[in-house]
Each structure stands twice: as C-alpha cells, then as structure tokens.
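target.txt follows; it contains compact mmCIF, C-alpha atoms.
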# COMPACT_ATOMS: atom_id res chain seq x y z
CA MET A 131 16.91 22.73 2.92
CA THR A 132 14.05 21.46 5.07
CA ALA A 133 10.63 20.39 3.86
CA VAL A 134 7.62 22.46 4.88
CA LEU A 135 4.25 20.90 5.59
CA PRO A 136 1.52 22.26 3.30
CA GLN A 137 -1.75 23.42 4.76
CA PRO A 138 -4.60 20.87 4.43
CA SER A 139 -6.46 22.95 1.83
CA ALA A 140 -3.35 23.01 -0.37
CA VAL A 141 -2.96 19.26 -0.10
CA PHE A 142 -6.56 18.31 -0.77
CA GLY A 143 -7.88 21.11 -2.94
CA GLN A 144 -10.86 21.06 -0.59
CA THR A 145 -12.23 23.28 2.14
CA PRO A 146 -9.92 23.01 5.15
CA ILE A 147 -10.91 20.03 7.27
CA GLN A 148 -10.30 19.06 10.86
CA TYR A 149 -8.12 16.02 11.28
CA THR A 150 -5.74 14.84 13.96
CA ALA A 151 -2.42 15.01 12.24
CA LYS A 152 -1.20 18.37 11.13
CA TYR A 153 1.44 18.49 13.86
CA PRO A 154 2.24 16.38 16.93
CA VAL A 155 0.50 17.58 20.06
CA ALA A 156 3.00 19.64 22.06
CA SER A 157 2.03 18.15 25.42
CA ARG A 158 2.91 14.65 24.21
CA ARG A 159 6.52 15.41 23.33
CA ILE A 160 9.01 13.83 25.72
CA ASN A 161 12.13 15.77 26.71
CA ALA A 162 12.22 17.57 23.37
CA ASN A 163 14.89 20.24 23.32
CA ASP A 164 14.66 23.26 21.02
CA LYS A 165 16.45 21.47 18.19
CA ASP A 166 14.17 18.43 18.43
CA THR A 167 11.07 20.60 18.66
CA LYS A 168 12.15 22.36 15.47
CA LYS A 169 12.42 18.96 13.76
CA TYR A 170 8.88 18.11 14.81
CA TYR A 171 7.54 21.11 12.98
CA GLU A 172 9.80 20.94 9.93
CA THR A 173 9.39 17.24 9.19
CA SER A 174 6.72 16.86 6.55
CA TYR A 175 4.55 13.99 5.43
CA GLU A 176 4.98 15.27 1.88
CA PRO A 177 8.30 14.35 0.18
CA ASN A 178 10.26 17.39 -0.97
CA LEU A 179 11.65 17.06 -4.50
CA GLU A 180 13.72 20.24 -4.32
CA TRP A 181 15.44 19.07 -1.15
CA TRP A 182 16.18 15.62 -2.60
CA SER A 183 17.35 17.01 -5.95
CA THR A 184 19.68 19.50 -4.25
CA ASN A 185 21.08 16.76 -2.05
CA GLN A 186 21.65 14.57 -5.10
CA ALA A 187 23.44 17.35 -6.95
CA ASN A 188 25.75 18.04 -4.01
CA TYR A 189 26.42 14.41 -3.09
CA VAL A 190 29.98 13.14 -3.41
CA LYS A 191 30.39 9.38 -3.31
CA PRO A 192 32.94 8.47 -0.60
CA ALA A 193 35.91 6.19 -1.22
CA GLU A 194 34.57 3.73 1.35
CA ASP A 195 30.93 3.14 0.51
CA PRO A 196 29.84 -0.34 1.65
CA LEU A 197 26.40 -1.85 1.55
CA PRO A 198 24.96 -3.12 4.84
CA GLU A 199 26.16 -6.58 5.80
CA GLY A 200 24.17 -9.30 4.06
CA PHE A 201 22.69 -7.05 1.37
CA PRO A 202 23.26 -7.83 -2.33
CA GLN A 203 25.22 -5.66 -4.74
CA GLN A 204 22.19 -5.87 -7.05
CA VAL A 205 18.94 -7.83 -6.93
CA SER A 206 17.96 -10.10 -9.81
CA SER A 207 14.42 -11.41 -9.51
CA PRO A 208 11.16 -11.64 -11.51
CA SER A 209 9.87 -8.63 -9.54
CA LEU A 210 12.67 -6.44 -10.95
CA TRP A 211 11.18 -4.15 -13.60
CA ASP A 212 11.02 -0.61 -14.90
CA GLY A 213 7.40 0.49 -14.96
CA LYS A 214 7.95 2.88 -17.85
CA ILE A 215 8.86 -0.15 -20.00
CA LEU A 216 6.31 -2.51 -18.45
CA ALA A 217 3.48 -0.09 -19.23
CA SER A 218 3.79 -1.04 -22.91
CA GLN A 219 3.60 -4.78 -22.10
CA PRO A 220 0.07 -5.27 -20.72
CA GLU A 221 0.07 -8.93 -21.73
CA LYS A 222 2.34 -9.50 -18.72
CA TRP A 223 0.01 -8.03 -16.12
CA LEU A 224 -3.51 -7.46 -17.50
CA TYR A 225 -6.29 -10.02 -17.97
CA THR A 226 -9.86 -9.30 -19.11
CA PHE A 227 -12.63 -11.56 -17.82
CA THR A 228 -14.52 -13.48 -20.51
CA ALA A 229 -18.27 -14.06 -20.64
CA ASN A 230 -17.62 -17.62 -19.47
CA ASP A 231 -15.55 -16.35 -16.54
CA LEU A 232 -18.41 -14.10 -15.44
CA GLU A 233 -20.86 -16.99 -15.67
CA VAL A 234 -18.60 -19.11 -13.45
CA LEU A 235 -18.43 -16.26 -10.94
CA GLU A 236 -22.22 -15.93 -10.91
CA GLN A 237 -22.56 -19.65 -10.21
CA ALA A 238 -19.97 -19.50 -7.43
CA HIS A 239 -21.74 -16.54 -5.86
CA SER A 240 -25.15 -18.22 -6.07
CA HIS A 241 -23.69 -21.26 -4.34
CA PHE A 242 -22.27 -19.13 -1.55
CA VAL A 243 -25.56 -17.29 -1.03
CA SER A 244 -27.42 -20.62 -0.87
CA LEU A 245 -25.29 -21.66 2.10
CA ASN A 246 -26.61 -18.76 4.20
CA LEU A 247 -23.17 -17.99 5.61
CA THR A 248 -21.45 -14.76 6.64
CA ASN A 249 -18.83 -13.02 4.51
CA ASN A 250 -16.19 -14.28 6.94
CA ASP A 251 -16.98 -17.77 5.63
CA ILE A 252 -16.00 -16.99 2.03
CA THR A 253 -13.32 -19.49 1.00
CA GLN A 254 -12.40 -21.50 -2.08
CA GLU A 255 -14.73 -24.20 -0.76
CA THR A 256 -17.77 -21.96 -0.24
CA PHE A 257 -17.09 -19.91 -3.39
CA PRO A 258 -16.22 -22.80 -5.72
CA ILE A 259 -14.53 -22.19 -9.08
CA PRO A 260 -14.09 -25.50 -10.93
CA THR A 261 -10.43 -26.49 -11.22
CA THR A 262 -11.06 -27.45 -14.84
CA SER A 263 -12.27 -23.96 -15.78
CA PRO A 264 -10.11 -21.40 -17.61
CA LEU A 265 -10.94 -18.94 -14.81
CA TYR A 266 -9.34 -21.19 -12.20
CA VAL A 267 -6.19 -21.43 -14.32
CA THR A 268 -6.18 -17.64 -14.71
CA LEU A 269 -6.49 -17.02 -10.98
CA LYS A 270 -3.82 -19.60 -10.20
CA HIS A 271 -1.48 -17.86 -12.63
CA ALA A 272 -2.35 -14.44 -11.17
CA SER A 273 -1.60 -15.68 -7.66
CA GLU A 274 1.78 -17.04 -8.73
CA GLU A 275 2.67 -13.82 -10.55
CA VAL A 276 1.78 -11.71 -7.52
CA LYS A 277 3.70 -13.88 -5.07
CA LEU A 278 6.64 -15.16 -7.12
CA GLY A 279 6.66 -13.21 -10.40
CA LEU A 280 6.18 -9.57 -11.37
CA GLY A 281 4.52 -8.82 -8.07
CA PHE A 282 1.22 -7.49 -9.43
CA GLN A 283 -1.71 -8.31 -11.70
CA VAL A 284 -4.81 -6.47 -12.93
CA LEU A 285 -8.01 -8.40 -13.69
CA ARG A 286 -10.49 -6.35 -15.71
CA GLY A 287 -14.15 -6.39 -16.54
CA LEU A 288 -16.37 -7.14 -13.52
CA PRO A 289 -19.88 -5.70 -14.12
CA VAL A 290 -19.98 -4.03 -10.71
CA ASP A 291 -22.75 -1.59 -11.66
CA HIS A 292 -25.12 -4.54 -12.06
CA TRP A 293 -24.54 -5.77 -8.50
CA ASP A 294 -25.56 -4.36 -5.14
CA ARG A 295 -22.84 -3.58 -2.61
CA SER A 296 -23.13 -6.89 -0.78
CA LYS A 297 -22.64 -8.84 -3.99
CA GLN A 298 -19.72 -6.63 -5.01
CA LEU A 299 -17.92 -7.39 -1.76
CA GLN A 300 -18.75 -11.09 -1.83
CA ILE A 301 -17.48 -11.64 -5.37
CA PHE A 302 -14.40 -9.55 -4.59
CA ALA A 303 -13.68 -11.71 -1.54
CA GLY A 304 -14.48 -14.89 -3.46
CA ILE A 305 -12.01 -14.15 -6.26
CA SER A 306 -9.44 -12.96 -3.73
CA ALA A 307 -9.62 -16.29 -1.89
CA TYR A 308 -7.83 -17.76 -4.92
CA ILE A 309 -5.06 -15.15 -4.70
CA GLY A 310 -4.43 -15.31 -0.94
CA LYS A 311 -5.99 -17.92 1.30
CA ASP A 312 -6.47 -15.82 4.43
CA ARG A 313 -7.74 -12.27 4.90
CA ILE A 314 -6.00 -9.89 7.29
CA ALA A 315 -8.13 -7.34 9.12
CA ILE A 316 -7.35 -3.84 10.35
CA GLY A 317 -8.89 -3.75 13.79
CA ASP A 318 -12.32 -5.27 13.36
CA LYS A 319 -12.66 -4.28 9.70
CA VAL A 320 -11.96 -6.88 7.04
CA VAL A 321 -12.56 -4.46 4.16
CA THR A 322 -11.56 -0.81 3.88
CA HIS A 323 -13.27 1.73 1.63
CA LEU A 324 -10.96 4.23 -0.07
CA ARG A 325 -12.76 7.35 -1.21
CA ASP A 326 -12.80 11.09 -0.56
CA ILE A 327 -14.99 11.82 2.45
CA THR A 328 -13.65 15.30 3.25
CA ASN A 329 -16.81 17.01 2.03
CA LEU A 330 -19.04 15.10 4.44
CA PRO A 331 -20.07 16.75 7.72
CA ALA A 332 -17.59 15.88 10.45
CA ASP A 333 -20.31 14.38 12.65
CA SER A 334 -21.39 11.90 9.96
CA ARG A 335 -18.03 10.47 8.94
CA PRO A 336 -15.03 8.88 10.62
CA PRO A 337 -11.95 11.00 11.46
CA ILE A 338 -9.67 11.82 8.51
CA VAL A 339 -6.54 9.89 9.46
CA VAL A 340 -5.19 8.57 6.14
CA LYS A 341 -4.89 10.03 2.67
CA GLY A 342 -7.09 7.30 1.23
CA GLN A 343 -9.98 9.25 2.78
CA THR A 344 -9.12 12.34 0.74
CA SER A 345 -8.54 13.38 -2.85
CA GLY A 346 -4.87 14.07 -2.15
CA ASN A 347 -2.04 12.14 -3.72
CA GLN A 348 -0.77 9.08 -1.84
CA VAL A 349 3.01 8.83 -1.49
CA PHE A 350 4.84 5.57 -2.20
CA HIS A 351 4.73 3.09 0.67
CA ASN A 352 4.08 -0.48 1.73
CA ASP A 353 1.04 -1.34 3.82
CA GLY A 354 1.23 -2.94 7.28
CA ALA A 355 1.27 -6.69 7.87
CA ALA A 356 -0.28 -7.57 4.52
CA GLY A 357 1.25 -10.18 2.25
CA VAL A 358 -0.88 -9.16 -0.73
CA VAL A 359 -2.97 -6.01 -1.19
CA ALA A 360 -6.21 -6.46 -3.13
CA LEU A 361 -8.31 -3.63 -4.57
CA ILE A 362 -11.62 -3.56 -6.41
CA THR A 363 -12.55 -0.40 -8.32
CA LEU A 364 -16.21 0.51 -7.76
CA GLY A 365 -15.89 4.06 -9.05
CA VAL A 366 -13.33 6.26 -10.79
CA ALA A 367 -12.66 9.97 -10.31
CA GLU A 368 -13.51 12.58 -12.91
CA THR A 369 -9.77 13.22 -13.27
CA GLY A 370 -6.62 11.77 -11.73
CA GLY A 371 -6.40 8.99 -9.19
CA LEU A 372 -3.86 6.89 -11.12
CA SER A 373 -2.66 3.78 -9.32
CA GLN A 374 1.14 3.87 -9.17
CA LEU A 375 3.20 0.72 -8.59
CA SER A 376 6.97 0.42 -8.41
CA SER A 377 9.38 -2.48 -8.02
CA VAL A 378 11.16 -2.64 -4.67
CA ALA A 379 14.01 -4.50 -6.39
CA GLN A 380 14.40 -1.78 -9.04
CA THR A 381 14.35 0.96 -6.42
CA TYR A 382 16.91 -0.90 -4.32
CA ASN A 383 19.21 -1.50 -7.28
CA GLU A 384 19.19 2.17 -8.23
CA LEU A 385 19.99 3.31 -4.70
CA ALA A 386 22.60 0.57 -4.24
CA ARG A 387 24.27 1.84 -7.40
CA THR A 388 24.09 5.55 -6.68
CA ARG A 389 23.32 6.22 -2.98
CA ARG A 390 24.51 3.50 -0.66
CA ASP A 391 24.25 5.90 2.27
CA ILE A 392 20.48 5.74 1.80
CA ILE A 393 20.53 1.93 1.78
CA ARG A 394 22.60 1.89 4.97
CA GLU A 395 20.11 4.20 6.69
CA LEU A 396 17.06 2.21 5.59
CA ALA A 397 18.65 -1.05 6.79
CA LYS A 398 19.25 0.21 10.34
CA ASN A 399 16.95 -1.31 12.93
CA ASP A 400 16.49 1.94 14.86
CA TRP A 401 13.38 3.19 13.07
CA VAL A 402 11.10 3.59 16.09
CA ASN A 403 7.34 4.07 15.93
CA LYS A 404 4.21 2.83 17.67
CA SER A 405 4.09 -0.47 15.78
CA ALA A 406 7.83 -1.02 16.26
CA PRO A 407 8.71 0.47 19.68
CA ARG A 408 12.00 -1.43 19.75
CA GLY A 409 12.90 -0.24 16.27
CA ARG A 410 12.76 -1.96 12.89
CA ALA A 411 14.46 -1.52 9.55
CA GLN A 412 12.61 -0.26 6.47
CA ILE A 413 14.24 -2.79 4.13
CA HIS A 414 15.35 -6.37 4.76
CA ALA A 415 17.64 -8.81 2.96
CA ILE A 416 16.20 -12.34 2.57
CA ASN A 417 17.09 -15.62 0.88
CA GLU A 418 20.73 -15.48 2.01
CA GLY A 419 21.13 -11.93 0.79
CA GLN A 420 19.87 -12.56 -2.73
CA GLU A 421 16.66 -10.53 -2.45
CA VAL A 422 15.38 -7.44 -0.67
CA ILE A 423 11.89 -6.76 0.67
CA SER A 424 10.48 -3.54 2.04
CA LEU A 425 8.10 -2.51 4.79
CA TYR A 426 8.39 1.24 4.32
CA SER A 427 5.95 3.97 5.25
CA ARG A 428 6.17 7.67 6.09
CA ARG A 429 2.97 7.96 8.10
CA PRO A 430 4.17 6.26 11.33
CA PHE A 431 6.99 8.80 11.59
CA PHE A 432 5.34 12.08 10.70
CA GLY A 433 2.47 13.73 8.99
CA PHE A 434 -1.01 12.45 8.92
CA TYR A 435 -1.79 11.79 12.56
CA GLU A 436 -0.49 12.75 16.00
CA SER A 437 2.96 11.39 16.71
CA ASP A 438 3.07 9.15 19.76
CA ALA A 439 4.93 10.40 22.79
CA GLU A 440 7.37 7.50 22.53
CA VAL A 441 8.41 8.42 18.98
CA PRO A 442 11.43 10.73 18.82
CA PRO A 443 11.77 13.44 16.17
CA LEU A 444 12.93 11.99 12.88
CA ALA A 445 16.61 12.62 12.22
CA GLU A 446 17.47 14.42 8.99
CA ALA A 447 19.28 11.38 7.54
CA LYS A 448 16.15 9.29 8.02
CA HIS A 449 13.89 11.96 6.60
CA LEU A 450 16.14 12.13 3.54
CA ALA A 451 16.11 8.34 3.19
CA LEU A 452 12.31 8.28 3.10
CA ASP A 453 12.25 11.00 0.46
CA ALA A 454 14.88 9.10 -1.54
CA VAL A 455 12.72 5.98 -1.64
CA HIS A 456 9.68 7.94 -2.77
CA PHE A 457 11.35 9.77 -5.64
CA THR A 458 13.35 6.74 -6.78
CA ALA A 459 10.24 4.56 -6.77
CA GLU A 460 8.38 7.28 -8.67
CA LYS A 461 11.12 7.34 -11.32
CA PHE A 462 10.49 3.68 -12.17
CA SER A 463 6.75 3.43 -11.51
CA ILE A 464 4.00 2.14 -13.75
CA ASP A 465 0.98 4.46 -13.58
CA LEU A 466 -2.28 2.60 -14.12
CA GLU A 467 -5.60 4.16 -15.00
CA LEU A 468 -7.87 1.61 -13.36
CA GLN A 469 -11.35 1.18 -14.79
CA LYS A 470 -14.58 0.54 -12.96
CA GLY A 471 -14.73 -3.21 -12.35
CA ASP A 472 -10.96 -3.69 -12.23
CA LEU A 473 -9.27 -5.85 -9.61
CA GLU A 474 -5.68 -5.02 -8.70
CA TYR A 475 -3.45 -7.34 -6.69
CA PHE A 476 0.13 -6.62 -5.67
CA ASN A 477 2.79 -8.11 -3.42
CA ASN A 478 3.01 -5.77 -0.46
CA LEU A 479 6.68 -6.47 0.32
CA ALA A 480 7.96 -6.50 -3.27
CA VAL A 481 6.01 -3.56 -4.72
CA TYR A 482 5.66 0.03 -3.53
CA HIS A 483 2.30 1.65 -4.23
CA ALA A 484 1.04 5.23 -4.46
CA ARG A 485 -1.76 7.23 -6.08
CA THR A 486 -1.96 10.55 -7.88
CA SER A 487 -4.35 13.21 -6.64
CA SER A 488 -7.88 13.09 -8.00
CA LYS A 489 -10.95 15.21 -8.49
CA ASP A 490 -14.46 13.83 -8.15
CA SER A 491 -17.57 15.08 -9.90
CA GLU A 492 -21.23 14.45 -9.22
CA LYS A 493 -21.15 11.69 -11.85
CA ASN A 494 -17.70 10.17 -11.31
CA GLN A 495 -16.29 9.52 -7.85
CA ARG A 496 -13.22 7.51 -6.87
CA HIS A 497 -14.21 4.50 -4.79
CA LEU A 498 -12.04 1.47 -4.16
CA VAL A 499 -12.39 -1.28 -1.58
CA ARG A 500 -9.30 -2.93 -0.16
CA LEU A 501 -8.59 -6.35 1.28
CA TRP A 502 -5.35 -7.46 2.88
CA LEU A 503 -4.46 -11.07 2.06
CA SER A 504 -1.88 -13.52 3.30
CA ASN A 505 0.98 -14.65 1.09
CA GLY A 506 1.85 -18.28 1.74
CA GLU A 507 5.03 -17.97 -0.34
CA GLU A 508 6.62 -15.04 1.47
CA VAL A 509 9.96 -15.27 3.27
CA LEU A 510 10.09 -13.04 6.34
CA PRO A 511 13.11 -11.91 8.34
CA GLU A 512 12.95 -12.65 12.04
CA SER A 513 12.19 -9.00 12.81
CA LEU A 514 8.84 -9.21 10.97
CA VAL A 515 7.65 -12.68 11.95
CA GLU A 516 6.05 -11.67 15.25
CA SER A 517 4.07 -8.70 13.91
CA PHE A 518 2.84 -10.59 10.85
CA HIS A 519 1.80 -13.58 12.96
CA LYS A 520 0.02 -11.32 15.44
CA ALA A 521 -1.94 -9.61 12.66
CA ARG A 522 -3.10 -12.95 11.30
CA GLU A 523 -4.16 -14.23 14.71
CA GLU A 524 -6.06 -11.06 15.58
CA SER A 525 -7.83 -11.16 12.22
CA LYS A 526 -9.59 -14.40 13.10
CA SER A 527 -12.07 -12.54 15.31
CA ALA A 528 -12.67 -9.61 12.92
CA SER A 529 -16.14 -9.37 11.42
CA GLY A 530 -16.46 -5.88 9.95
CA TRP A 531 -17.63 -5.70 6.33
CA PRO A 532 -18.91 -2.10 6.10
CA LEU A 533 -20.87 -1.29 2.98
CA GLU A 534 -19.63 2.31 2.87
CA ALA A 535 -16.67 4.44 3.90
CA TRP A 536 -18.72 6.24 6.55
CA ASP A 537 -20.16 3.09 8.13
CA ALA A 538 -18.89 2.08 11.55
In structure tokens, what does this structure look like?
Amino acid sequence: MTAVLPQPSAVFGQTPIQYTAKYPVASRRINANDKDTKKYYETSYEPNLEWWSTNQANYVKPAEDPLPEGFPQQVSSPSLWDGKILASQPEKWLYTFTANDLEVLEQAHSHFVSLNLTNNDITQETFPIPTTSPLYVTLKHASEEVKLGLGFQVLRGLPVDHWDRSKQLQIFAGISAYIGKDRIAIGDKVVTHLRDITNLPADSRPPIVVKGQTSGNQVFHNDGAAGVVALITLGVAETGGLSQLSSVAQTYNELARTRRDIIRELAKNDWVNKSAPRGRAQIHAINEGQEVISLYSRRPFFGFYESDAEVPPLAEAKHLALDAVHFTAEKFSIDLELQKGDLEYFNNLAVYHARTSSKDSEKNQRHLVRLWLSNGEEVLPESLVESFHKAREESKSASGWPLEAWDA
C-alpha cells in the first residue's frame, strides 16, 4: 500500500493556501522514468499508519538479520526512556522558577540593557547570573541533563505577558546562554517564530514552507545542525498543540529488537538531499558503538517544499524506514502541554520532537520562539562534522531577531 498526500485543507483545517511544496515541479525532475515519476506523486510527507501496520503484520524476521557494522545490540544511556512512564515523573524534567529566580533574571536583564548592546551580544558575561544563586545551579543542572542526561528539560513560570517582545527575546536568549554557549542561526535569522500564519494575506506573510507556520501536526524529526533546541512559549492554542518528545535510544532499541531491516536502511549513507548531496545516514553509531544519535527528517526528501532536481525519488524501503521511525517514536513519546511562559530545551541528536495539530481562537493562539544552541558535549561522527562546523561559522554573521513571524 502506498501513502497518499492529503490536500492542504485536510492537513491544516484551514482555507486552502498557496505554498511551494505540494508536489515536486515536473520540469525539475531529472531523467525520471514512469516508475520514478509515480513515486514522486505517491510519496507523502505524512506518515501512513495503515501502511506501516500492514507491513508490520506481514513481516517475517529472516534467519540472517544483522545490525549494521558498529551498531549496538541495544543502547543503554541516561537518554533511554519511555515517555509514557516519564510523564508521571515530572520531578525529573520540570522546574518552576521561584520569585527569587525571577528577581535574578530581572537584574541580569537590567544589566544587559544598561550596556546598550545588540541581542547578538547576549552571553553569560553580559547577562550575569551569580554563580552562588540557586538559579545558576538550576540552569547548570538543566544544561547537564539536556546534554548528558535525559535529553530534555522544561523550565516553567516566566511572566511573559508582563514583558514586551524585545524583553521576552532577550531574557530567553540570556537564560539559553547558560544551556548552550553559542547560538546557531538559520540563514540570517537567529530566532524563529512558530505560529499559524495561514490565515494572513499571502502578500503580508512569508511563504508557507514548514509546518511550524501552520496549525497542522508536526511529524517526529530532528532539526538541522542544532546541538540543542530551545523554545519559549509566548502563547498557547485554544486546543491541541502538544509538544511531543521521544528518546532516540528507545526508538532505536525497539527497532533493533523487532525490525533490523529498518535500522540497516537508516544507517546507509545513500540518503541524498540538498543538504547532503553526497548522501548521509539518518542514524549514526558513536562512542565506539555504544550509543546512537539521529539526524532524521522527512522534509528534505518529500512533502513540504519543491524537491530539488538533484534529489531522486525516494525508494519504498526508505519511505517505509521514515514511517517506521515516526510511529515507533510516537509509541514511546511524552506529550507535554506547555504553558505560557514555559521554556523547553532538548538535545537535538538524542531526542525526536513533534507536535500535535492545534486550533487557535481569538483569545488563545499558539506562539513559540525557537533558538538553536550549540552542545559542547556532543560527539559527532565524521559525516556530520563539516556541516555542523559550517553552520556555526555562518552563524557568526547572522543578526536577525524578528519580533514577529511575519517580519523579514
């Protein structure tokens, strides 16, 4: 069975919108025969549960079923967890700011403002949190948990409604400087606004190129060259919009136990897309084969924007592997109902993330702002070193801190 791409209105629950990614542009296909052309049109951004479930039911484990060379039988690490269990243990991942914490943040922000610097200059030195304060200890612990422990933390209770947008972004960046030292930009933009802009006139908003700009659900994935993903919640939807996180280690262990064919496919270095024209695997073994990290995403291969001419149609085995990751990650995910004023930090290579669909109202509208941060503790395979280094170098000249999702 082959997945079928839904129409935009079915995905978003909105009036149909114009965006660049429903199907690849025919004129940009290279040497596509009839079979390959068919794959272009039948390969969907949306995972297909019926297809995956049917494949699971019909799967027969072969007698010879090895894991890729260098990959562990099972991963054992602090970032191995079942989200359905972890949801009942908030003491492991949730911290609520105290009145004293908020006072320290106000003082740090006042100091930064007094220096008359740009947001690019926000560091631990220009946004000082005393090392003797409980807040400093909390942020140090959160940073360690994100990088070396569970892989995520939620910090709750910032009074964002009392601050203007500039102050919201500055305090967000100031706190985040204690989680990851360096910020990683996307193009010229240091921060990215995530909210539904599909109802805005097309001439007053940017193109719709990612699901974060819509009310649609976000499938499980890892972001680009980020070490740590940071989010601040400035607004919540009327309904839905749950933040879903899932352990890469748990997902790997389940597939290594039940579907090693999927692991073998994900570990191949022939996944070609614009950011990896020579091909790159979706999962990588590190630390002498003791751990596994992931840099997995569906969007570069199909779906939400025009496929590049250099990208071949996705083979069925690869399509199935991507669906397998999504539904396995979903099985073990923790689904968080973030509150206004929450900060969420997660290890981009150790944690998959997704979001349920949402519905805004006039009063309540989903609005998050994202930062990408470096992770000084990460171990990268050789195949990722160049792209991660390039992203960090290019970020040094970025200066975009837009105050809204529709700002240039």
Need the shell around Tyr475 (chain A): protein/DNA/RNA residues with any atom at most 6 Å away, counting all atoms listed in the file. Skip same-chain ones fewer than 6 positions apart. Format as a PyMOL selection string?
chain A and resi 282-283+359-360
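Nearest residue to Ile392 (chain A) among A:Val321, A:Val284, A:Leu197, A:Val290 is A:Leu197, counting only C-alpha atoms.
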Quick one: residues within 8 Å of Leu479 (chain A), all atoms listed in the file counted, chain neighbours fewer than 6 positions away excluded, as a list in words?
Asn352, Gly357, Val378, Ile423, Ser424 and Leu425 of chain A
Would you save the residues of that selection, restricted to C-alpha atoms, as a compact mmCIF listing (two decimals), in the frame of the given file?
# COMPACT_ATOMS: atom_id res chain seq x y z
CA ASN A 352 4.08 -0.48 1.73
CA GLY A 357 1.25 -10.18 2.25
CA VAL A 378 11.16 -2.64 -4.67
CA ILE A 423 11.89 -6.76 0.67
CA SER A 424 10.48 -3.54 2.04
CA LEU A 425 8.10 -2.51 4.79
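Using all atoms listed in the file, the smallest distance between any of A:Val190, A:Val234, A:Ala303, A:Ile309 and Leu269 (chain A) comes from A:Ile309.
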Would you pick out the contacts of region 362-376 of chain A at 6 Å or less, using all atoms listed in the file, so that residues sharing its chain but fewer than 4 positions from it are not included, and give the list as a PyMOL selection string?
chain A and resi 459+463-467+470-473+481-491+494-499
Restricting the output to C-alpha atoms, write the selected residues as a compact mmCIF listing (two decimals), keeping the file's coordinate frame.
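Once written, out_1.txt looks like this:
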# COMPACT_ATOMS: atom_id res chain seq x y z
CA ALA A 459 10.24 4.56 -6.77
CA SER A 463 6.75 3.43 -11.51
CA ILE A 464 4.00 2.14 -13.75
CA ASP A 465 0.98 4.46 -13.58
CA LEU A 466 -2.28 2.60 -14.12
CA GLU A 467 -5.60 4.16 -15.00
CA LYS A 470 -14.58 0.54 -12.96
CA GLY A 471 -14.73 -3.21 -12.35
CA ASP A 472 -10.96 -3.69 -12.23
CA LEU A 473 -9.27 -5.85 -9.61
CA VAL A 481 6.01 -3.56 -4.72
CA TYR A 482 5.66 0.03 -3.53
CA HIS A 483 2.30 1.65 -4.23
CA ALA A 484 1.04 5.23 -4.46
CA ARG A 485 -1.76 7.23 -6.08
CA THR A 486 -1.96 10.55 -7.88
CA SER A 487 -4.35 13.21 -6.64
CA SER A 488 -7.88 13.09 -8.00
CA LYS A 489 -10.95 15.21 -8.49
CA ASP A 490 -14.46 13.83 -8.15
CA SER A 491 -17.57 15.08 -9.90
CA ASN A 494 -17.70 10.17 -11.31
CA GLN A 495 -16.29 9.52 -7.85
CA ARG A 496 -13.22 7.51 -6.87
CA HIS A 497 -14.21 4.50 -4.79
CA LEU A 498 -12.04 1.47 -4.16
CA VAL A 499 -12.39 -1.28 -1.58
Separation of CA of Leu452 (chain A) from CA of Arg394 (chain A), in Å and rounded to one decimal
12.3 Å
